[in-house]
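Below: entry.pdb (PDB, C-alpha atoms)
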```pdb
ATOM      1  CA  VAL A   1      -9.417  -6.414 -23.387
ATOM      2  CA  VAL A   2      -9.160  -2.728 -22.500
ATOM      3  CA  TRP A   3      -6.475  -0.500 -24.027
ATOM      4  CA  GLY A   4      -6.472   3.005 -22.544
ATOM      5  CA  LYS A   5      -4.445   6.218 -22.609
ATOM      6  CA  SER A   6      -4.570   9.691 -21.114
ATOM      7  CA  ARG A   7      -5.343  12.150 -23.888
ATOM      8  CA  SER A   8      -4.500  15.290 -21.971
ATOM      9  CA  ASN A   9      -1.284  14.368 -20.163
ATOM     10  CA  VAL A  10       1.947  12.429 -20.405
ATOM     11  CA  GLN A  11       1.059   8.982 -19.049
ATOM     12  CA  ASP A  12       1.693   5.403 -20.138
ATOM     13  CA  HIS A  13      -0.753   3.466 -22.259
ATOM     14  CA  PHE A  14      -2.216   0.451 -20.457
ATOM     15  CA  LEU A  15      -3.630  -2.910 -21.546
ATOM     16  CA  ALA A  16      -5.755  -5.057 -19.234
ATOM     17  CA  ASP A  17      -7.679  -8.244 -19.927
ATOM     18  CA  SER A  18      -9.909 -10.735 -18.141
ATOM     19  CA  THR A  19      -7.448 -13.616 -18.638
ATOM     20  CA  ASN A  20      -4.754 -11.906 -16.569
ATOM     21  CA  GLY A  21      -7.423 -10.508 -14.259
ATOM     22  CA  THR A  22      -8.102  -7.202 -12.534
ATOM     23  CA  GLY A  23      -5.382  -5.001 -11.080
ATOM     24  CA  LYS A  24      -2.826  -6.189 -13.637
ATOM     25  CA  ASP A  25      -1.703  -4.012 -16.532
ATOM     26  CA  LEU A  26       0.648  -4.276 -19.485
ATOM     27  CA  ILE A  27       2.298  -1.132 -20.873
ATOM     28  CA  PRO A  28       2.347  -1.038 -24.718
ATOM     29  CA  ASN A  29       4.887   1.805 -24.850
ATOM     30  CA  GLY A  30       7.403   0.020 -22.581
ATOM     31  CA  ASN A  31       9.150  -3.312 -22.170
ATOM     32  CA  TYR A  32       8.069  -3.698 -18.527
ATOM     33  CA  ALA A  33       6.804  -6.882 -16.952
ATOM     34  CA  GLN A  34       3.141  -6.917 -16.042
ATOM     35  CA  GLN A  35       2.342  -4.208 -13.501
ATOM     36  CA  THR A  36       0.301  -5.014 -10.390
ATOM     37  CA  GLU A  37      -1.551  -1.782  -9.727
ATOM     38  CA  ASN A  38      -4.961  -0.261  -9.154
ATOM     39  CA  GLY A  39      -5.873  -0.076 -12.834
ATOM     40  CA  VAL A  40      -8.936  -1.896 -14.154
ATOM     41  CA  THR A  41     -10.772  -3.155 -11.068
ATOM     42  CA  ALA A  42     -13.703  -4.947 -12.759
ATOM     43  CA  PHE A  43     -14.796  -6.235 -16.152
ATOM     44  CA  GLY A  44     -18.548  -6.044 -16.692
ATOM     45  CA  THR A  45     -20.990  -7.140 -19.376
ATOM     46  CA  ASP A  46     -21.326  -3.547 -20.576
ATOM     47  CA  GLY A  47     -18.023  -1.906 -19.626
ATOM     48  CA  TRP A  48     -15.212  -1.804 -17.089
ATOM     49  CA  THR A  49     -14.365  -0.054 -13.813
ATOM     50  CA  MET A  50     -11.209   1.993 -13.313
ATOM     51  CA  GLY A  51      -9.152   2.278 -10.155
ATOM     52  CA  SER A  52      -6.943   5.230  -9.278
ATOM     53  CA  VAL A  53      -3.884   4.727 -11.502
ATOM     54  CA  TYR A  54      -5.442   5.665 -14.856
ATOM     55  CA  ASN A  55      -8.173   7.797 -13.368
ATOM     56  CA  THR A  56      -6.358  10.994 -12.412
ATOM     57  CA  ASN A  57      -8.600  13.923 -11.538
ATOM     58  CA  ALA A  58      -9.196  16.291 -14.501
ATOM     59  CA  TYR A  59      -7.247  14.109 -16.978
ATOM     60  CA  THR A  60      -9.130  13.110 -20.129
ATOM     61  CA  TYR A  61      -8.841   9.521 -21.380
ATOM     62  CA  VAL A  62      -9.670   7.308 -24.324
ATOM     63  CA  GLY A  63     -10.291   3.569 -24.220
ATOM     64  CA  TRP A  64     -10.511   0.891 -26.916
ATOM     65  CA  THR A  65     -12.023  -2.470 -26.012
ATOM     66  CA  TRP A  66     -12.419  -5.938 -27.546
ATOM     67  CA  ARG A  67     -14.883  -8.534 -26.379
ATOM     68  CA  ALA A  68     -13.454 -12.011 -25.857
ATOM     69  CA  ASN A  69     -15.391 -14.699 -23.974
ATOM     70  CA  GLY A  70     -16.404 -13.050 -20.718
ATOM     71  CA  GLY A  71     -13.431 -14.417 -18.830
ATOM     72  CA  THR A  72     -14.230 -18.048 -19.700
ATOM     73  CA  THR A  73     -11.062 -19.751 -20.950
ATOM     74  CA  SER A  74     -10.455 -23.073 -22.655
ATOM     75  CA  SER A  75      -7.314 -25.187 -22.835
ATOM     76  CA  GLY A  76      -5.182 -24.875 -25.927
ATOM     77  CA  SER A  77      -3.080 -27.466 -27.713
ATOM     78  CA  GLY A  78       0.472 -27.195 -29.031
ATOM     79  CA  ASP A  79       3.883 -27.612 -27.400
ATOM     80  CA  LEU A  80       3.295 -25.058 -24.658
ATOM     81  CA  THR A  81       0.523 -25.205 -22.066
ATOM     82  CA  SER A  82      -1.953 -22.472 -22.898
ATOM     83  CA  THR A  83      -5.466 -21.160 -22.401
ATOM     84  CA  HIS A  84      -7.473 -18.948 -24.693
ATOM     85  CA  GLN A  85     -10.600 -16.851 -24.853
ATOM     86  CA  VAL A  86     -12.163 -16.381 -28.287
ATOM     87  CA  ASP A  87     -14.718 -13.738 -29.229
ATOM     88  CA  PRO A  88     -18.080 -14.824 -30.733
ATOM     89  CA  SER A  89     -17.009 -13.872 -34.273
ATOM     90  CA  GLY A  90     -13.922 -16.095 -34.050
ATOM     91  CA  GLY A  91     -11.772 -13.181 -35.150
ATOM     92  CA  PHE A  92     -10.048 -12.254 -31.882
ATOM     93  CA  SER A  93      -8.524 -14.288 -29.063
ATOM     94  CA  ILE A  94      -6.538 -13.769 -25.877
ATOM     95  CA  VAL A  95      -3.946 -16.524 -25.503
ATOM     96  CA  LYS A  96      -1.844 -17.065 -22.388
ATOM     97  CA  ALA A  97       0.976 -19.612 -22.515
ATOM     98  CA  VAL A  98       3.799 -20.652 -20.210
ATOM     99  CA  GLY A  99       7.249 -21.778 -21.303
ATOM    100  CA  ASP A 100       8.268 -25.400 -20.648
ATOM    101  CA  GLY A 101      11.905 -24.672 -19.796
ATOM    102  CA  GLY A 102      13.093 -26.375 -22.970
ATOM    103  CA  SER A 103      14.630 -24.888 -26.084
ATOM    104  CA  GLY A 104      13.935 -24.239 -29.745
ATOM    105  CA  ASP A 105      10.713 -23.420 -31.554
ATOM    106  CA  LYS A 106       7.383 -24.044 -29.798
ATOM    107  CA  THR A 107       3.811 -24.180 -31.053
ATOM    108  CA  ILE A 108       0.740 -22.652 -29.372
ATOM    109  CA  SER A 109      -2.911 -22.907 -30.395
ATOM    110  CA  HIS A 110      -4.733 -19.630 -31.031
ATOM    111  CA  GLY A 111      -8.383 -20.769 -31.076
ATOM    112  CA  LEU A 112      -9.355 -18.575 -34.027
ATOM    113  CA  SER A 113     -11.513 -19.555 -36.971
ATOM    114  CA  ALA A 114      -8.563 -19.018 -39.351
ATOM    115  CA  ALA A 115      -4.842 -18.289 -39.247
ATOM    116  CA  PRO A 116      -3.986 -15.056 -37.407
ATOM    117  CA  THR A 117      -3.218 -12.056 -39.579
ATOM    118  CA  CYS A 118      -1.896 -10.028 -36.622
ATOM    119  CA  ILE A 119      -0.508 -10.986 -33.186
ATOM    120  CA  LEU A 120       0.673  -8.739 -30.336
ATOM    121  CA  ALA A 121       2.967 -10.692 -27.969
ATOM    122  CA  LYS A 122       4.432  -9.823 -24.550
ATOM    123  CA  ASN A 123       6.374 -11.607 -21.806
ATOM    124  CA  ILE A 124       4.363 -10.720 -18.698
ATOM    125  CA  ASP A 125       6.926 -11.993 -16.162
ATOM    126  CA  ALA A 126      10.023 -10.103 -17.322
ATOM    127  CA  ALA A 127      11.217  -6.944 -19.060
ATOM    128  CA  TYR A 128      10.795  -7.911 -22.724
ATOM    129  CA  ASN A 129       9.968  -5.894 -25.802
ATOM    130  CA  TRP A 130       6.586  -6.390 -27.462
ATOM    131  CA  ASP A 131       6.818  -8.412 -30.676
ATOM    132  CA  THR A 132       4.115  -8.219 -33.337
ATOM    133  CA  TYR A 133       3.277 -10.517 -36.232
ATOM    134  CA  TRP A 134       1.712  -9.397 -39.512
ATOM    135  CA  ALA A 135       0.684 -11.789 -42.279
ATOM    136  CA  GLN A 136       1.354  -9.067 -44.850
ATOM    137  CA  GLY A 137       3.941  -6.313 -45.126
ATOM    138  CA  LEU A 138       6.860  -7.858 -43.220
ATOM    139  CA  SER A 139       9.482 -10.372 -44.285
ATOM    140  CA  SER A 140       8.734 -13.976 -43.284
ATOM    141  CA  GLY A 141       9.308 -14.602 -39.565
ATOM    142  CA  TYR A 142       9.991 -10.932 -38.867
ATOM    143  CA  SER A 143       8.466  -8.690 -36.194
ATOM    144  CA  ILE A 144       8.057  -4.989 -35.523
ATOM    145  CA  ARG A 145       8.200  -4.028 -31.857
ATOM    146  CA  LEU A 146       5.121  -2.255 -30.541
ATOM    147  CA  ASN A 147       7.073  -0.279 -27.935
ATOM    148  CA  THR A 148       9.860   1.073 -30.164
ATOM    149  CA  THR A 149      10.442   2.848 -33.474
ATOM    150  CA  ASP A 150      12.782   0.077 -34.714
ATOM    151  CA  ASN A 151      12.584  -1.375 -38.199
ATOM    152  CA  GLN A 152      11.463  -4.995 -38.601
ATOM    153  CA  LEU A 153      13.584  -7.654 -36.882
ATOM    154  CA  SER A 154      14.160 -11.260 -37.933
ATOM    155  CA  GLY A 155      13.722 -14.592 -36.141
ATOM    156  CA  ARG A 156      10.573 -13.876 -34.093
ATOM    157  CA  TRP A 157       7.957 -16.217 -35.628
ATOM    158  CA  GLY A 158       7.782 -19.628 -37.297
ATOM    159  CA  THR A 159       4.914 -21.467 -38.990
ATOM    160  CA  ILE A 160       1.485 -19.911 -38.468
ATOM    161  CA  ASN A 161      -1.647 -21.683 -39.701
ATOM    162  CA  SER A 162      -5.323 -22.203 -38.931
ATOM    163  CA  SER A 163      -4.545 -24.113 -35.710
ATOM    164  CA  ILE A 164      -1.264 -22.895 -34.226
ATOM    165  CA  PHE A 165       1.381 -20.204 -34.274
ATOM    166  CA  THR A 166       5.075 -20.971 -33.775
ATOM    167  CA  VAL A 167       7.137 -18.884 -31.360
ATOM    168  CA  LYS A 168      10.912 -18.437 -31.207
ATOM    169  CA  GLU A 169      12.987 -19.004 -28.077
ATOM    170  CA  ASN A 170      14.048 -15.882 -26.153
ATOM    171  CA  TYR A 171      11.865 -13.654 -28.324
ATOM    172  CA  THR A 172       8.239 -14.755 -28.466
ATOM    173  CA  TRP A 173       8.649 -17.369 -25.717
ATOM    174  CA  ALA A 174      11.304 -17.851 -23.005
ATOM    175  CA  GLY A 175      12.193 -20.292 -20.211
ATOM    176  CA  THR A 176       9.268 -20.834 -17.880
ATOM    177  CA  ASN A 177       7.877 -17.301 -18.318
ATOM    178  CA  ASN A 178       4.228 -16.529 -18.992
ATOM    179  CA  PHE A 179       3.404 -14.762 -22.241
ATOM    180  CA  ILE A 180       0.212 -13.106 -23.445
ATOM    181  CA  TYR A 181      -0.722 -13.063 -27.144
ATOM    182  CA  TYR A 182      -3.541 -10.938 -28.568
ATOM    183  CA  CYS A 183      -4.475 -12.650 -31.843
ATOM    184  CA  PHE A 184      -6.560 -11.243 -34.701
ATOM    185  CA  THR A 185      -7.690 -12.720 -38.007
ATOM    186  CA  ASN A 186      -9.399 -10.925 -40.862
ATOM    187  CA  THR A 187     -13.149 -11.164 -40.273
ATOM    188  CA  GLU A 188     -15.708  -9.771 -42.688
ATOM    189  CA  GLY A 189     -17.312  -6.632 -41.341
ATOM    190  CA  TYR A 190     -15.181  -6.516 -38.181
ATOM    191  CA  ILE A 191     -11.385  -6.961 -38.386
ATOM    192  CA  LYS A 192      -8.950  -6.242 -41.191
ATOM    193  CA  SER A 193      -5.172  -6.180 -41.027
ATOM    194  CA  GLY A 194      -3.058  -5.705 -44.090
ATOM    195  CA  THR A 195      -0.675  -3.414 -45.897
ATOM    196  CA  TYR A 196      -0.716  -0.382 -48.179
ATOM    197  CA  ILE A 197       1.809   1.700 -50.104
ATOM    198  CA  GLY A 198       2.029   5.435 -49.414
ATOM    199  CA  ASN A 199       1.943   8.011 -52.209
ATOM    200  CA  GLY A 200       3.435  11.061 -50.441
ATOM    201  CA  ASN A 201       0.415  13.197 -51.318
ATOM    202  CA  ASP A 202      -2.293  14.964 -49.322
ATOM    203  CA  ASP A 203      -4.728  13.156 -51.634
ATOM    204  CA  GLY A 204      -3.427  10.000 -50.042
ATOM    205  CA  THR A 205      -3.838   6.278 -50.380
ATOM    206  CA  PHE A 206      -7.311   4.789 -49.861
ATOM    207  CA  VAL A 207      -7.312   1.542 -47.864
ATOM    208  CA  TYR A 208     -10.324  -0.739 -48.337
ATOM    209  CA  THR A 209     -11.467  -2.620 -45.220
ATOM    210  CA  GLY A 210     -15.056  -3.476 -46.166
ATOM    211  CA  PHE A 211     -16.463  -1.697 -43.098
ATOM    212  CA  ARG A 212     -16.321   1.652 -41.318
ATOM    213  CA  PRO A 213     -13.302   1.485 -38.998
ATOM    214  CA  ALA A 214     -13.789   2.588 -35.409
ATOM    215  CA  MET A 215     -10.076   2.213 -34.582
ATOM    216  CA  MET A 216      -6.910   1.841 -36.631
ATOM    217  CA  ILE A 217      -3.304   1.104 -35.680
ATOM    218  CA  ILE A 218      -0.814   2.045 -38.414
ATOM    219  CA  ARG A 219       2.965   1.686 -38.760
ATOM    220  CA  GLU A 220       5.466   2.124 -41.570
ATOM    221  CA  VAL A 221       7.785  -0.827 -42.130
ATOM    222  CA  ALA A 222      10.787   1.380 -41.395
ATOM    223  CA  VAL A 223      12.202   3.326 -38.448
ATOM    224  CA  ASP A 224       9.108   5.271 -37.443
ATOM    225  CA  ASP A 225       6.380   5.819 -34.838
ATOM    226  CA  TRP A 226       3.149   3.870 -34.546
ATOM    227  CA  LEU A 227      -0.153   5.755 -34.896
ATOM    228  CA  ILE A 228      -3.613   5.166 -33.397
ATOM    229  CA  TYR A 229      -6.713   6.712 -34.940
ATOM    230  CA  ASP A 230     -10.355   6.310 -33.920
ATOM    231  CA  ASP A 231     -13.798   7.733 -34.629
ATOM    232  CA  LYS A 232     -14.422   9.163 -31.154
ATOM    233  CA  ARG A 233     -11.686  11.771 -30.872
ATOM    234  CA  MET A 234     -11.848  15.018 -32.832
ATOM    235  CA  GLY A 235     -10.222  15.741 -36.165
ATOM    236  CA  PHE A 236     -10.964  12.824 -38.464
ATOM    237  CA  ASN A 237     -12.433  13.766 -41.877
ATOM    238  CA  ASN A 238     -11.084  17.305 -41.460
ATOM    239  CA  SER A 239      -7.822  17.814 -43.311
ATOM    240  CA  ALA A 240      -7.651  21.459 -42.176
ATOM    241  CA  THR A 241      -7.317  20.608 -38.485
ATOM    242  CA  GLY A 242      -6.019  17.068 -38.779
ATOM    243  CA  ASN A 243      -6.450  14.287 -36.261
ATOM    244  CA  SER A 244      -5.974  13.926 -32.537
ATOM    245  CA  ASN A 245      -3.026  11.555 -32.589
ATOM    246  CA  LEU A 246      -1.683   9.114 -30.060
ATOM    247  CA  TYR A 247       1.422   7.001 -30.456
ATOM    248  CA  PRO A 248       1.511   3.450 -29.018
ATOM    249  CA  ASP A 249       5.301   3.577 -28.646
ATOM    250  CA  THR A 250       5.357   6.718 -26.453
ATOM    251  CA  ASN A 251       3.543   8.101 -23.394
ATOM    252  CA  VAL A 252       3.064  11.611 -24.828
ATOM    253  CA  ALA A 253      -0.263  13.416 -24.656
ATOM    254  CA  GLU A 254      -2.590  13.712 -27.616
ATOM    255  CA  GLY A 255      -1.838  16.282 -30.285
ATOM    256  CA  LEU A 256      -4.135  17.715 -32.954
ATOM    257  CA  GLU A 257      -2.018  17.614 -36.107
ATOM    258  CA  ALA A 258      -2.993  18.487 -39.671
ATOM    259  CA  SER A 259       0.117  16.608 -40.780
ATOM    260  CA  ARG A 260      -1.515  13.363 -39.598
ATOM    261  CA  ALA A 261      -4.933  13.893 -41.216
ATOM    262  CA  ILE A 262      -7.064  10.877 -42.107
ATOM    263  CA  ASP A 263     -10.592  10.273 -43.402
ATOM    264  CA  ILE A 264     -12.689   7.475 -41.911
ATOM    265  CA  LEU A 265     -15.093   6.196 -44.561
ATOM    266  CA  SER A 266     -17.944   3.692 -44.774
ATOM    267  CA  ASN A 267     -15.698   1.058 -46.341
ATOM    268  CA  GLY A 268     -12.177   1.949 -45.214
ATOM    269  CA  PHE A 269      -9.892   4.896 -44.591
ATOM    270  CA  LYS A 270      -7.964   7.407 -46.659
ATOM    271  CA  LEU A 271      -4.755   9.214 -45.777
ATOM    272  CA  ARG A 272      -4.958  12.998 -46.093
ATOM    273  CA  THR A 273      -1.329  13.803 -45.436
ATOM    274  CA  SER A 274       1.976  13.741 -47.265
ATOM    275  CA  ASN A 275       3.773  13.191 -43.954
ATOM    276  CA  ALA A 276       6.120  10.204 -43.951
ATOM    277  CA  THR A 277       4.722   8.799 -40.682
ATOM    278  CA  GLY A 278       1.474   7.840 -42.415
ATOM    279  CA  ASN A 279       1.952   8.233 -46.153
ATOM    280  CA  ALA A 280       5.569   8.341 -47.362
ATOM    281  CA  SER A 281       5.893   8.016 -51.108
ATOM    282  CA  GLY A 282       6.604   4.355 -51.831
ATOM    283  CA  GLY A 283       6.574   3.481 -48.119
ATOM    284  CA  THR A 284       5.151   0.130 -47.009
ATOM    285  CA  TYR A 285       2.671   0.350 -44.128
ATOM    286  CA  ILE A 286       0.939  -2.231 -41.965
ATOM    287  CA  TYR A 287      -2.406  -1.606 -40.290
ATOM    288  CA  LEU A 288      -5.010  -3.193 -38.031
ATOM    289  CA  ALA A 289      -8.551  -1.831 -38.405
ATOM    290  CA  MET A 290     -11.534  -2.690 -36.209
ATOM    291  CA  ALA A 291     -15.245  -2.000 -36.611
ATOM    292  CA  LYS A 292     -17.382  -0.918 -33.654
ATOM    293  CA  ASN A 293     -19.067  -4.332 -33.566
ATOM    294  CA  PRO A 294     -18.783  -7.548 -35.542
ATOM    295  CA  PHE A 295     -21.397  -7.148 -38.282
ATOM    296  CA  LYS A 296     -23.079 -10.451 -37.376
ATOM    297  CA  TYR A 297     -23.410  -9.374 -33.736
ATOM    298  CA  ALA A 298     -23.983  -5.650 -34.249
ATOM    299  CA  THR A 299     -26.835  -3.952 -32.389
ATOM    300  CA  ALA A 300     -29.389  -2.333 -34.684
ATOM    301  CA  ARG A 301     -30.118   1.351 -34.173
TER     302      ARG A 301
END
```
For the structure just supplied, provide its representation as structure tokens.
Amino acid sequence: VVWGKSRSNVQDHFLADSTNGTGKDLIPNGNYAQQTENGVTAFGTDGWTMGSVYNTNAYTYVGWTWRANGGTTSSGSGDLTSTHQVDPSGGFSIVKAVGDGGSGDKTISHGLSAAPTCILAKNIDAAYNWDTYWAQGLSSGYSIRLNTTDNQLSGRWGTINSSIFTVKENYTWAGTNNFIYYCFTNTEGYIKSGTYIGNGNDDGTFVYTGFRPAMMIIREVAVDDWLIYDDKRMGFNNSATGNSNLYPDTNVAEGLEASRAIDILSNGFKLRTSNATGNASGGTYIYLAMAKNPFKYATAR
């Protein structure tokens, strides 16, 4: 999976994966159906190749990537016909499922080594909002949309366990449409999703992940923007300048903001802002943090 965004200019985020194939993009900040365009043109063993759409001359970009299974899919079980790719750690999978034209709740297998702690879901055939699942922080069965600033919404998810997740008609599955689900489960040294409570102070909340995060997605469980942080763009661990921020729910360019400051530490991250978007006093936040490599498969240096 490749998630990319122009840093320097107003331009949509894009998500591409080897299950859907090259030249097909999803837009995290919009409700659009899958776009057929000259985006990612090849997935390689050590990177990816960009076409013209997200490769504008003189624009600067950032990309975040997850390894799955090199494009090799396996058939899933459950009510809906599905395929999945699972990464070597068992902590991340790409699941593609197609509706059966029926009604009611449906189950889909995720292929992970444990129950998902976070799922990003999108109808790729029609204009549908992104729904997300979080094992902690939200009310049971609720979702927060990736492409909006809405508060949590009910009736999006059913039972989720070590084998399957349950999707709700006309929200997380529909008709005979194809859906994509990016599934994550907490994996020692690699993936951690969870929740924290803000303290409204520049000496902000410390969030333990058990590894040094390379990328974090954060959202308050309220009407608010999403945030993406990483360890490649300038500003982290510098509360004077703040961080170079991008927002998954908008197409705006990157901004260097002291009011969004964060420290990236060897075992987690710490908020360095009293701003409500990341650290409102008493606010409940959800997050997904990723290490550079799964610890078991990391390359020694």
Picked residues, the PyMOL selection byres ((chain A and resi 184-198) around 9), as a PyMOL selection string: chain A and resi 89-93+112-120+134-137+182-183+199-201+204-207+209-213+271+274+276+278-296
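For the residues A:Lys96, A:His110, A:Lys270, A:His13, ranking by smallest atom-to-atom distance to Ile124 of chain A using all atoms listed in the file places A:Lys96 first.
Coordinates place atom CA of Asn267 of chain A at a distance of 25.0 Å from atom CA of Val2 of chain A.
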Between atom CA of Ile94 of chain A and atom CA of Gly21 of chain A - distance in Å to one decimal: 12.1 Å
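Here the question is which of A:Arg219, A:Arg233, A:Arg67, A:Arg7 gets nearest to Asp249 of chain A using all atoms listed in the file, and that residue is A:Arg219.
Separating atom CA of Asp17 of chain A from atom CA of Ala214 of chain A is a distance of 19.9 Å.
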Residues matched by the PyMOL selection byres ((chain A and resi 32) around 9), written as JSON, numbers by chain: {"A": [26, 27, 28, 29, 30, 31, 33, 34, 35, 123, 124, 125, 126, 127, 128, 129]}
